[in-house]
file target_11.tsv (TSV, C-alpha atoms)
chain	number	residue	atom	x	y	z
A	179	MET	CA	-5.02	-6.02	12.41
A	180	SER	CA	-4.18	-6.64	8.76
A	181	GLY	CA	-1.23	-4.68	7.44
A	182	ASN	CA	0.35	-4.27	10.86
A	183	GLN	CA	3.30	-6.26	12.10
A	184	VAL	CA	2.21	-8.71	14.82
A	185	ARG	CA	4.29	-8.25	17.96
A	186	SER	CA	5.78	-11.23	19.75
A	187	MET	CA	4.88	-12.12	23.33
A	188	GLN	CA	8.65	-12.30	23.90
A	189	GLU	CA	8.48	-8.50	24.17
A	190	ILE	CA	6.18	-8.67	27.22
A	191	ASN	CA	7.72	-8.39	30.66
A	192	ILE	CA	6.41	-8.66	34.20
A	193	GLY	CA	5.74	-5.13	35.43
A	194	ASP	CA	4.89	-3.69	32.01
A	195	ASN	CA	2.31	-0.97	32.49
A	196	ILE	CA	-1.10	-1.02	30.82
A	197	GLY	CA	-2.50	2.49	30.69
A	198	PRO	CA	-3.12	4.62	32.66
A	199	GLN	CA	-5.99	5.94	30.59
A	200	PRO	CA	-8.14	8.80	31.85
A	201	LEU	CA	-11.79	7.80	32.20
A	202	PHE	CA	-14.65	10.25	32.55
A	203	LEU	CA	-18.11	8.69	32.36
A	204	ALA	CA	-20.77	11.26	31.51
A	205	LYS	CA	-24.21	10.33	32.82
A	206	ASP	CA	-25.54	10.09	29.26
A	207	ARG	CA	-22.83	7.59	28.40
A	208	VAL	CA	-23.84	5.45	31.37
A	209	ARG	CA	-27.46	5.68	30.19
A	210	ALA	CA	-26.34	4.67	26.67
A	211	TYR	CA	-24.66	1.60	28.17
A	212	CYS	CA	-27.86	0.79	30.06
A	213	ASN	CA	-29.87	1.06	26.84
A	214	ALA	CA	-27.42	-1.25	25.08
A	215	ALA	CA	-27.23	-3.74	27.94
A	216	GLY	CA	-30.88	-4.25	28.84
A	217	LEU	CA	-30.74	-1.95	31.89
A	218	ALA	CA	-32.80	0.93	30.46
A	219	GLY	CA	-34.90	2.57	33.15
A	220	VAL	CA	-33.17	0.91	36.12
A	221	PRO	CA	-33.24	3.90	38.52
A	222	ARG	CA	-29.92	3.33	40.29
A	223	PHE	CA	-28.07	3.42	36.94
A	224	THR	CA	-30.05	6.03	35.04
A	225	ASP	CA	-31.61	8.57	37.39
A	226	ASP	CA	-30.10	10.53	40.32
A	227	GLU	CA	-33.41	10.93	42.11
A	228	GLY	CA	-34.32	7.26	41.78
A	229	ALA	CA	-30.85	6.24	42.97
A	230	ARG	CA	-31.14	8.49	46.06
A	231	LYS	CA	-34.40	6.76	46.95
A	232	GLU	CA	-32.35	3.54	47.12
A	233	GLY	CA	-29.90	5.19	49.53
A	234	LEU	CA	-27.19	5.86	46.94
A	235	PRO	CA	-25.49	9.26	46.56
A	236	GLY	CA	-26.79	9.50	42.98
A	237	MET	CA	-26.80	7.29	39.91
A	238	ILE	CA	-23.96	4.79	39.75
A	239	THR	CA	-22.26	3.01	36.89
A	240	PRO	CA	-23.38	-0.63	36.43
A	241	GLY	CA	-20.66	-3.03	37.59
A	242	ASN	CA	-20.83	-4.73	34.21
A	243	MET	CA	-20.06	-1.44	32.45
A	244	SER	CA	-16.91	-1.07	34.57
A	245	ALA	CA	-16.08	-4.68	33.76
A	246	ALA	CA	-16.61	-4.00	30.04
A	247	LEU	CA	-14.28	-0.98	30.16
A	248	ILE	CA	-11.64	-3.04	31.93
A	249	GLY	CA	-12.10	-5.79	29.35
A	250	LYS	CA	-11.61	-3.28	26.55
A	251	LEU	CA	-8.36	-2.03	28.11
A	252	VAL	CA	-7.14	-5.64	28.10
A	253	THR	CA	-8.20	-6.43	24.53
A	254	ASP	CA	-6.70	-3.14	23.26
A	255	TRP	CA	-3.43	-4.06	24.96
A	256	ALA	CA	-3.51	-7.65	23.64
A	257	ARG	CA	-4.45	-6.86	20.01
A	258	PRO	CA	-0.94	-6.00	18.66
A	259	TYR	CA	0.21	-9.42	19.92
A	260	ASN	CA	-2.87	-11.18	18.49
A	261	GLY	CA	-3.62	-12.08	22.10
A	262	ARG	CA	-7.07	-13.25	23.15
A	263	LEU	CA	-8.79	-12.54	26.45
A	264	VAL	CA	-9.60	-16.00	27.84
A	265	ARG	CA	-10.51	-15.21	31.46
A	266	ILE	CA	-11.34	-12.23	33.60
A	267	GLY	CA	-12.31	-11.90	37.25
A	268	THR	CA	-13.72	-8.60	38.46
A	269	THR	CA	-14.45	-7.41	41.99
A	270	TYR	CA	-16.83	-4.51	42.56
A	271	ARG	CA	-15.36	-2.89	45.68
A	272	SER	CA	-17.04	0.53	45.71
A	273	PRO	CA	-19.64	2.20	43.50
A	274	VAL	CA	-18.25	3.95	40.43
A	275	LEU	CA	-19.89	7.36	40.23
A	276	PRO	CA	-20.32	9.07	36.85
A	277	GLU	CA	-18.71	12.44	36.13
A	278	HIS	CA	-15.57	11.87	38.13
A	279	ASN	CA	-12.00	11.91	36.88
A	280	LEU	CA	-11.19	8.22	36.99
A	281	SER	CA	-8.37	6.25	35.50
A	282	LEU	CA	-8.10	2.77	34.03
A	283	GLN	CA	-4.78	1.07	34.50
A	284	GLY	CA	-2.87	-2.08	35.27
A	285	PHE	CA	0.29	-4.06	34.75
A	286	VAL	CA	1.56	-7.48	33.76
A	287	THR	CA	1.94	-9.76	36.79
A	288	GLN	CA	3.04	-13.00	35.13
A	289	VAL	CA	4.27	-14.23	31.75
A	290	ASP	CA	4.21	-17.96	30.96
A	291	HIS	CA	6.02	-18.78	27.73
A	292	GLY	CA	5.14	-22.48	27.99
A	293	GLU	CA	1.40	-21.85	28.24
A	294	ARG	CA	1.73	-18.73	26.03
A	295	THR	CA	-0.25	-16.64	28.49
A	296	ALA	CA	0.12	-13.44	30.46
A	297	GLU	CA	-1.65	-12.54	33.71
A	298	LEU	CA	-2.69	-8.95	34.28
A	299	ASP	CA	-3.91	-6.86	37.20
A	300	ILE	CA	-6.27	-4.06	36.09
A	301	TRP	CA	-8.30	-1.56	38.05
A	302	ILE	CA	-10.40	1.60	37.95
A	303	GLU	CA	-9.17	4.26	40.34
A	304	ASN	CA	-10.74	7.54	41.48
A	305	GLU	CA	-9.17	10.96	42.11
A	306	ASP	CA	-8.08	9.85	45.59
A	307	GLY	CA	-6.29	6.76	44.33
A	308	ASP	CA	-8.99	4.42	45.68
A	309	ARG	CA	-9.40	1.28	43.59
A	310	LEU	CA	-13.13	1.00	42.95
A	311	VAL	CA	-13.16	-2.04	40.68
A	312	THR	CA	-10.28	-4.49	40.47
A	313	ALA	CA	-9.68	-7.32	38.06
A	314	THR	CA	-7.29	-10.04	37.06
A	315	ALA	CA	-7.22	-11.26	33.48
A	316	THR	CA	-5.54	-13.97	31.43
A	317	VAL	CA	-4.52	-13.33	27.83
A	318	ARG	CA	-3.48	-16.20	25.55
A	319	PHE	CA	-1.12	-15.66	22.61
A	320	PRO	CA	-0.88	-17.65	19.37
B	72	MET	CA	-26.89	-16.34	62.70
B	73	THR	CA	-26.38	-18.75	59.86
B	74	LEU	CA	-27.96	-18.98	56.44
B	75	ASP	CA	-31.01	-21.14	56.20
B	76	TYR	CA	-31.09	-23.01	52.91
B	77	ASP	CA	-31.50	-26.50	51.55
B	78	PRO	CA	-28.04	-27.84	50.59
B	79	ALA	CA	-29.70	-29.78	47.77
B	80	ILE	CA	-29.91	-26.54	45.75
B	81	ILE	CA	-26.13	-26.54	45.23
B	82	GLY	CA	-25.34	-27.64	41.71
B	83	LYS	CA	-28.98	-27.88	40.64
B	84	VAL	CA	-30.01	-25.89	37.56
B	85	PHE	CA	-32.64	-23.39	38.70
B	86	GLU	CA	-33.08	-21.49	35.49
B	87	GLU	CA	-32.73	-21.94	31.76
B	88	THR	CA	-33.61	-18.87	29.73
B	89	ASP	CA	-35.41	-18.84	26.40
B	90	PRO	CA	-33.00	-18.15	23.54
B	91	VAL	CA	-32.28	-14.49	22.80
B	92	ALA	CA	-31.25	-13.42	19.30
B	93	VAL	CA	-28.22	-11.12	19.10
B	94	SER	CA	-28.31	-8.49	16.35
B	95	ALA	CA	-25.40	-6.65	14.76
B	96	GLN	CA	-27.10	-3.42	15.90
B	97	GLU	CA	-27.04	-4.51	19.56
B	98	ILE	CA	-23.33	-5.24	19.24
B	99	LYS	CA	-22.81	-1.80	17.64
B	100	ASP	CA	-24.71	-0.04	20.44
B	101	PHE	CA	-22.69	-1.88	23.07
B	102	CYS	CA	-19.43	-0.89	21.32
B	103	ALA	CA	-20.50	2.75	21.11
B	104	ALA	CA	-21.30	2.83	24.84
B	105	ILE	CA	-17.94	1.43	25.92
B	106	GLY	CA	-15.92	3.34	23.29
B	107	GLU	CA	-14.97	0.22	21.35
B	108	THR	CA	-13.83	1.18	17.84
B	109	ASN	CA	-12.33	-2.07	16.54
B	110	PRO	CA	-14.12	-2.58	13.19
B	111	TRP	CA	-14.17	-6.40	13.66
B	112	TYR	CA	-17.18	-5.74	15.89
B	113	THR	CA	-19.04	-3.17	13.87
B	114	ASP	CA	-18.09	-3.24	10.18
B	115	GLU	CA	-19.06	-6.21	7.99
B	116	GLU	CA	-16.28	-5.66	5.47
B	117	ALA	CA	-13.55	-5.39	8.14
B	118	ALA	CA	-15.06	-8.32	10.04
B	119	ARG	CA	-14.86	-10.50	6.91
B	120	LYS	CA	-11.10	-9.91	6.81
B	121	GLY	CA	-10.74	-10.32	10.59
B	122	PRO	CA	-10.06	-13.50	12.56
B	123	TYR	CA	-13.71	-14.62	12.76
B	124	GLY	CA	-14.82	-13.89	9.18
B	125	GLU	CA	-18.00	-12.12	10.33
B	126	ILE	CA	-19.19	-9.67	12.97
B	127	VAL	CA	-18.64	-10.89	16.52
B	128	ALA	CA	-19.23	-9.16	19.85
B	129	PRO	CA	-16.43	-7.94	22.12
B	130	PRO	CA	-15.84	-10.57	24.84
B	131	MET	CA	-17.45	-8.55	27.65
B	132	PHE	CA	-20.75	-8.44	25.72
B	133	VAL	CA	-21.58	-11.79	27.37
B	134	LEU	CA	-22.26	-9.92	30.63
B	135	THR	CA	-25.28	-8.22	29.08
B	136	PHE	CA	-27.32	-11.41	28.88
B	137	ARG	CA	-28.40	-11.38	32.51
B	138	ASN	CA	-30.26	-8.12	32.19
B	139	GLY	CA	-33.72	-6.97	31.18
B	140	ARG	CA	-35.65	-10.14	30.56
B	141	HIS	CA	-32.83	-12.13	32.05
B	142	PHE	CA	-32.62	-11.24	35.68
B	143	PHE	CA	-32.56	-14.46	37.62
B	144	GLN	CA	-36.28	-14.96	38.03
B	145	ASN	CA	-35.95	-18.18	39.98
B	146	ILE	CA	-32.81	-17.46	41.97
B	147	PRO	CA	-32.91	-18.82	45.50
B	148	ARG	CA	-33.14	-15.84	47.90
B	149	PHE	CA	-30.90	-15.50	50.91
B	150	GLY	CA	-30.57	-13.23	53.91
B	151	LYS	CA	-31.68	-9.62	53.63
B	152	GLY	CA	-30.62	-9.14	50.03
B	153	GLY	CA	-27.05	-8.47	49.08
B	154	PHE	CA	-24.52	-6.73	46.93
B	155	ASP	CA	-23.19	-7.58	43.53
B	156	ALA	CA	-19.59	-8.47	44.36
B	157	GLY	CA	-18.22	-9.23	40.90
B	158	ARG	CA	-17.92	-11.62	38.01
B	159	ASP	CA	-15.52	-14.33	36.91
B	160	VAL	CA	-15.78	-15.10	33.22
B	161	GLU	CA	-14.15	-17.79	31.16
B	162	PHE	CA	-14.45	-17.05	27.43
B	163	VAL	CA	-14.77	-20.14	25.25
B	164	ASN	CA	-16.27	-19.06	21.88
B	165	PRO	CA	-17.20	-15.63	20.53
B	166	VAL	CA	-20.79	-14.42	20.19
B	167	HIS	CA	-21.64	-13.90	16.50
B	168	ALA	CA	-24.28	-11.52	15.19
B	169	GLY	CA	-27.35	-13.65	14.58
B	170	ASP	CA	-26.61	-16.12	17.40
B	171	ARG	CA	-29.42	-17.25	19.66
B	172	ILE	CA	-28.10	-17.34	23.21
B	173	THR	CA	-29.31	-19.33	26.21
B	174	LEU	CA	-28.16	-19.14	29.84
B	175	VAL	CA	-28.32	-22.17	32.10
B	176	SER	CA	-27.73	-21.26	35.74
B	177	HIS	CA	-27.04	-23.10	38.98
B	178	VAL	CA	-25.81	-22.24	42.47
B	179	LYS	CA	-22.11	-23.09	42.43
B	180	GLU	CA	-21.29	-22.41	46.06
B	181	ILE	CA	-22.52	-20.80	49.25
B	182	TYR	CA	-20.31	-19.97	52.21
B	183	GLU	CA	-20.14	-17.73	55.23
B	184	LYS	CA	-17.24	-15.73	56.54
B	185	THR	CA	-16.82	-13.45	59.52
B	186	GLY	CA	-14.64	-10.43	58.91
B	187	ARG	CA	-14.00	-7.13	60.68
B	188	SER	CA	-17.42	-5.84	59.69
B	189	GLY	CA	-19.28	-8.92	60.95
B	190	ALA	CA	-20.74	-12.10	59.51
B	191	MET	CA	-21.23	-12.20	55.76
B	192	TYR	CA	-22.53	-14.72	53.28
B	193	PHE	CA	-21.25	-15.33	49.76
B	194	VAL	CA	-23.19	-16.92	46.94
B	195	THR	CA	-21.81	-17.78	43.52
B	196	ILE	CA	-24.23	-18.42	40.68
B	197	ARG	CA	-22.70	-20.03	37.62
B	198	SER	CA	-24.32	-19.37	34.24
B	199	THR	CA	-23.24	-21.34	31.22
B	200	VAL	CA	-23.81	-19.30	28.10
B	201	LYS	CA	-24.55	-21.38	25.00
B	202	ASN	CA	-25.36	-20.62	21.37
B	203	GLN	CA	-27.91	-22.23	19.04
B	204	LYS	CA	-25.40	-24.96	18.13
B	205	ASN	CA	-25.22	-25.89	21.80
B	206	GLU	CA	-21.60	-24.67	21.89
B	207	VAL	CA	-20.44	-23.10	25.13
B	208	VAL	CA	-19.74	-19.39	24.62
B	209	ALA	CA	-18.70	-18.60	28.20
B	210	HIS	CA	-18.99	-19.58	31.83
B	211	ILE	CA	-19.94	-16.67	34.06
B	212	ASP	CA	-19.70	-16.81	37.84
B	213	HIS	CA	-21.87	-14.10	39.41
B	214	ARG	CA	-20.66	-13.39	42.94
B	215	PHE	CA	-23.06	-11.92	45.47
B	216	MET	CA	-22.47	-11.11	49.13
B	217	GLY	CA	-24.54	-9.85	52.01
B	218	ARG	CA	-24.64	-9.41	55.75
B	219	LEU	CA	-26.05	-12.11	57.97
call {"tool": "encode", "arguments": {"input": "target_11.tsv", "output": "structure tokens"}}
result
Amino acid sequence: MSGNQVRSMQEINIGDNIGPQPLFLAKDRVRAYCNAAGLAGVPRFTDDEGARKEGLPGMITPGNMSAALIGKLVTDWARPYNGRLVRIGTTYRSPVLPEHNLSLQGFVTQVDHGERTAELDIWIENEDGDRLVTATATVRFP
Amino acid sequence: MTLDYDPAIIGKVFEETDPVAVSAQEIKDFCAAIGETNPWYTDEEAARKGPYGEIVAPPMFVLTFRNGRHFFQNIPRFGKGGFDAGRDVEFVNPVHAGDRITLVSHVKEIYEKTGRSGAMYFVTIRSTVKNQKNEVVAHIDHRFMGRL
């Protein structure tokens, strides 16, 4: 951002950690996402009772909300370098339940100075260390 | 058991949505819900000084277009219904407040695989997201899977 020194991608190394950041998704925050993302009133994402009728343990977080949170972790990490998120691939492995103590984290898996890109592995993990949503992302630097 | 489908559906556009206008307020609401505080996305003054010169949406906003009015109405149906397995997104141009966005979707690939839990099918739907200038904003691969 303006006024701040832009960092060089030369400072980035394979294995650099991204996060971990604690993540606690209150049910009302999940509902706010649903309202903002055209999912208002979808029972599995907004209502415990409705979700149970679909065989779920209670309301779950939309996969795209998890993806958006992962994307934000990447863009927050990339911003000091003026890096731009150019690709992301997410895999929804297990439902993300609201009101759990989750964490968002990842690390740098590859740095390509010729292409001016970095590859990242990012995931959302629960209290037991299970990776619920995993992602790979590519960031391009100026 | 194998999937019963007409191979001619692969690559054929099965849906093109009507354009949807994106408002600055929708971008703000999305940012609030994911905890995004970068003023490039929410504050006109800061956005003017930012890299895009006006309010744009965070990249992951593109995933909100296949919701509400934009579920795949004409998607070919397979098997007994499946799971949402994930997304692959290639970001080409940002979404600006005021853009009118269209999604054009086709079946990219269908395959079957037998793993430890039995036979599964995988379907990838590719949506090309375009703005009112016919510029590509993003390519989104929606991956679905289900049991055979």
call {"tool": "interface_residues", "arguments": {"input": "target_11.tsv", "of": "chain B", "to": "chain A", "cutoff": "10 Å", "atoms": "all atoms listed in the file", "output": "NGL selection string"}}
result
:B and (96-111 or 117 or 120-122 or 129-142 or 154-164 or 209-214)
call {"tool": "residues_near_point", "arguments": {"input": "target_11.tsv", "point": "(-3.0, -24.1, 17.8)", "cutoff": "12 Å", "atoms": "all atoms listed in the file", "output": "list in words"}}
result
Glu293, Arg294, Arg318, Phe319 and Pro320 of chain A
call {"tool": "residues_around", "arguments": {"input": "target_11.tsv", "residues": "A:Gly307", "least_positions_apart": "4", "cutoff": "10 Å", "atoms": "all atoms listed in the file", "output": "PDB file with C-alpha atoms, keeping the file's coordinate frame"}}
result
ATOM      1  CA  LEU A 280     -11.190   8.220  36.990  1.00  0.00           C
ATOM      2  CA  SER A 281      -8.370   6.250  35.500  1.00  0.00           C
ATOM      3  CA  ILE A 302     -10.400   1.600  37.950  1.00  0.00           C
ATOM      4  CA  GLU A 303      -9.170   4.260  40.340  1.00  0.00           C
TER       5      GLU A 303
END
call {"tool": "atom_distance", "arguments": {"input": "target_11.tsv", "atom1": "atom CA of B:Arg197", "atom2": "atom CA of B:Lys184"}}
result
20.2 Å
call {"tool": "residues_around", "arguments": {"input": "target_11.tsv", "residues": "B:Glu87", "least_positions_apart": "4", "cutoff": "8 Å", "atoms": "only C-alpha atoms", "output": "list in words"}}
result
Thr173, Leu174, Val175 and Ser176 of chain B
call {"tool": "residues_around", "arguments": {"input": "target_11.tsv", "residues": "A:Asp290", "least_positions_apart": "3", "cutoff": "12 Å", "atoms": "all atoms listed in the file", "output": "VMD selection string"}}
result
chain A and resid 187 to 188 190 to 192 286 to 287 293 to 298 316 to 319
call {"tool": "atom_distance", "arguments": {"input": "target_11.tsv", "atom1": "atom CA of A:Asp225", "atom2": "atom CA of A:Ile238"}}
result
8.9 Å
call {"tool": "residues_near_point", "arguments": {"input": "target_11.tsv", "point": "(-19.2, 6.0, 39.5)", "cutoff": "6 Å", "atoms": "all atoms listed in the file", "output": "JSON, numbers by chain"}}
result
{"A": [238, 239, 273, 274, 275, 276]}
call {"tool": "axis_aligned_box", "arguments": {"input": "target_11.tsv", "around": "stretch 78-94 of chain B", "padding_each_side": "8 Å", "output": "lines of an AutoDock Vina configuration file"}}
result
center_x = -30.4
center_y = -19.1
center_z = 33.5
size_x = 26.1
size_y = 37.3
size_z = 50.2
call {"tool": "atom_distance", "arguments": {"input": "target_11.tsv", "atom1": "atom CA of B:Gly153", "atom2": "atom CA of B:Met191"}}
result
9.6 Å
call {"tool": "closest_residue", "arguments": {"input": "target_11.tsv", "among": "B:Arg187, B:Arg218, B:Arg171, B:Lys179", "to": "B:Lys201", "atoms": "only C-alpha atoms"}}
result
B:Arg171
call {"tool": "closest_residue", "arguments": {"input": "target_11.tsv", "among": "B:Thr88, B:Thr73, B:Gln203, B:Ser94", "to": "B:Glu183", "atoms": "all atoms listed in the file"}}
result
B:Thr73
call {"tool": "closest_residue", "arguments": {"input": "target_11.tsv", "among": "B:Val178, B:Ala128, B:Ile172, B:Arg119", "to": "B:Val84", "atoms": "all atoms listed in the file"}}
result
B:Val178
call {"tool": "closest_residue", "arguments": {"input": "target_11.tsv", "among": "B:Ala118, B:Ile181, B:Met216, B:Ala92", "to": "B:Gly169", "atoms": "only C-alpha atoms"}}
result
B:Ala92
call {"tool": "build_atoms", "arguments": {"input": "target_11.tsv", "residues": "stretch 267-298 of chain A", "atoms": "N, CA and C atoms", "output": "short mmCIF file (atom, residue, chain, number, x, y, z; two decimals), in the coordinates of the input"}}
result
data_model
loop_
_atom_site.label_atom_id
_atom_site.label_comp_id
_atom_site.auth_asym_id
_atom_site.auth_seq_id
_atom_site.Cartn_x
_atom_site.Cartn_y
_atom_site.Cartn_z
N GLY A 267 -11.60 -11.87 35.97
CA GLY A 267 -12.31 -11.90 37.25
C GLY A 267 -12.37 -10.48 37.76
N THR A 268 -13.58 -9.98 38.00
CA THR A 268 -13.72 -8.60 38.46
C THR A 268 -14.31 -8.58 39.87
N THR A 269 -13.88 -7.60 40.66
CA THR A 269 -14.45 -7.41 41.99
C THR A 269 -14.93 -5.97 42.10
N TYR A 270 -16.23 -5.83 42.43
CA TYR A 270 -16.83 -4.51 42.56
C TYR A 270 -16.68 -4.08 44.02
N ARG A 271 -15.68 -3.24 44.29
CA ARG A 271 -15.36 -2.89 45.68
C ARG A 271 -16.17 -1.70 46.18
N SER A 272 -16.30 -0.68 45.35
CA SER A 272 -17.04 0.53 45.71
C SER A 272 -17.78 1.01 44.47
N PRO A 273 -18.91 1.71 44.67
CA PRO A 273 -19.64 2.20 43.50
C PRO A 273 -18.79 3.15 42.66
N VAL A 274 -18.93 3.04 41.35
CA VAL A 274 -18.25 3.95 40.43
C VAL A 274 -19.26 5.04 40.06
N LEU A 275 -18.96 6.26 40.48
CA LEU A 275 -19.89 7.36 40.23
C LEU A 275 -19.55 8.03 38.90
N PRO A 276 -20.58 8.35 38.10
CA PRO A 276 -20.32 9.07 36.85
C PRO A 276 -19.79 10.46 37.14
N GLU A 277 -19.18 11.05 36.11
CA GLU A 277 -18.71 12.44 36.13
C GLU A 277 -17.66 12.68 37.19
N HIS A 278 -16.77 11.71 37.32
CA HIS A 278 -15.57 11.87 38.13
C HIS A 278 -14.36 11.62 37.23
N ASN A 279 -13.22 12.16 37.65
CA ASN A 279 -12.00 11.91 36.88
C ASN A 279 -11.37 10.62 37.36
N LEU A 280 -11.67 9.55 36.63
CA LEU A 280 -11.19 8.22 36.99
C LEU A 280 -10.01 7.86 36.09
N SER A 281 -9.35 6.78 36.45
CA SER A 281 -8.37 6.25 35.50
C SER A 281 -8.45 4.74 35.47
N LEU A 282 -8.11 4.22 34.30
CA LEU A 282 -8.10 2.77 34.03
C LEU A 282 -6.65 2.40 33.88
N GLN A 283 -6.20 1.42 34.63
CA GLN A 283 -4.78 1.07 34.50
C GLN A 283 -4.48 -0.32 35.04
N GLY A 284 -3.28 -0.77 34.78
CA GLY A 284 -2.87 -2.08 35.27
C GLY A 284 -1.45 -2.39 34.89
N PHE A 285 -1.06 -3.63 35.14
CA PHE A 285 0.29 -4.06 34.75
C PHE A 285 0.31 -5.58 34.60
N VAL A 286 1.38 -6.05 33.99
CA VAL A 286 1.56 -7.48 33.76
C VAL A 286 2.12 -8.10 35.04
N THR A 287 1.47 -9.14 35.54
CA THR A 287 1.94 -9.76 36.79
C THR A 287 2.66 -11.08 36.55
N GLN A 288 2.44 -11.68 35.39
CA GLN A 288 3.04 -13.00 35.13
C GLN A 288 3.10 -13.23 33.62
N VAL A 289 4.17 -13.85 33.17
CA VAL A 289 4.27 -14.23 31.75
C VAL A 289 4.67 -15.70 31.73
N ASP A 290 3.91 -16.52 31.03
CA ASP A 290 4.21 -17.96 30.96
C ASP A 290 4.44 -18.32 29.49
N HIS A 291 5.70 -18.51 29.13
CA HIS A 291 6.02 -18.78 27.73
C HIS A 291 5.62 -20.18 27.32
N GLY A 292 5.57 -21.11 28.29
CA GLY A 292 5.14 -22.48 27.99
C GLY A 292 3.65 -22.51 27.64
N GLU A 293 2.86 -21.88 28.47
CA GLU A 293 1.40 -21.85 28.24
C GLU A 293 1.02 -20.76 27.23
N ARG A 294 1.96 -19.89 26.93
CA ARG A 294 1.73 -18.73 26.03
C ARG A 294 0.61 -17.83 26.57
N THR A 295 0.73 -17.52 27.85
CA THR A 295 -0.25 -16.64 28.49
C THR A 295 0.44 -15.53 29.28
N ALA A 296 -0.31 -14.48 29.52
CA ALA A 296 0.12 -13.44 30.46
C ALA A 296 -1.02 -13.18 31.43
N GLU A 297 -0.67 -12.91 32.69
CA GLU A 297 -1.65 -12.54 33.71
C GLU A 297 -1.53 -11.04 33.95
N LEU A 298 -2.67 -10.40 34.09
CA LEU A 298 -2.69 -8.95 34.28
C LEU A 298 -3.49 -8.58 35.51
#
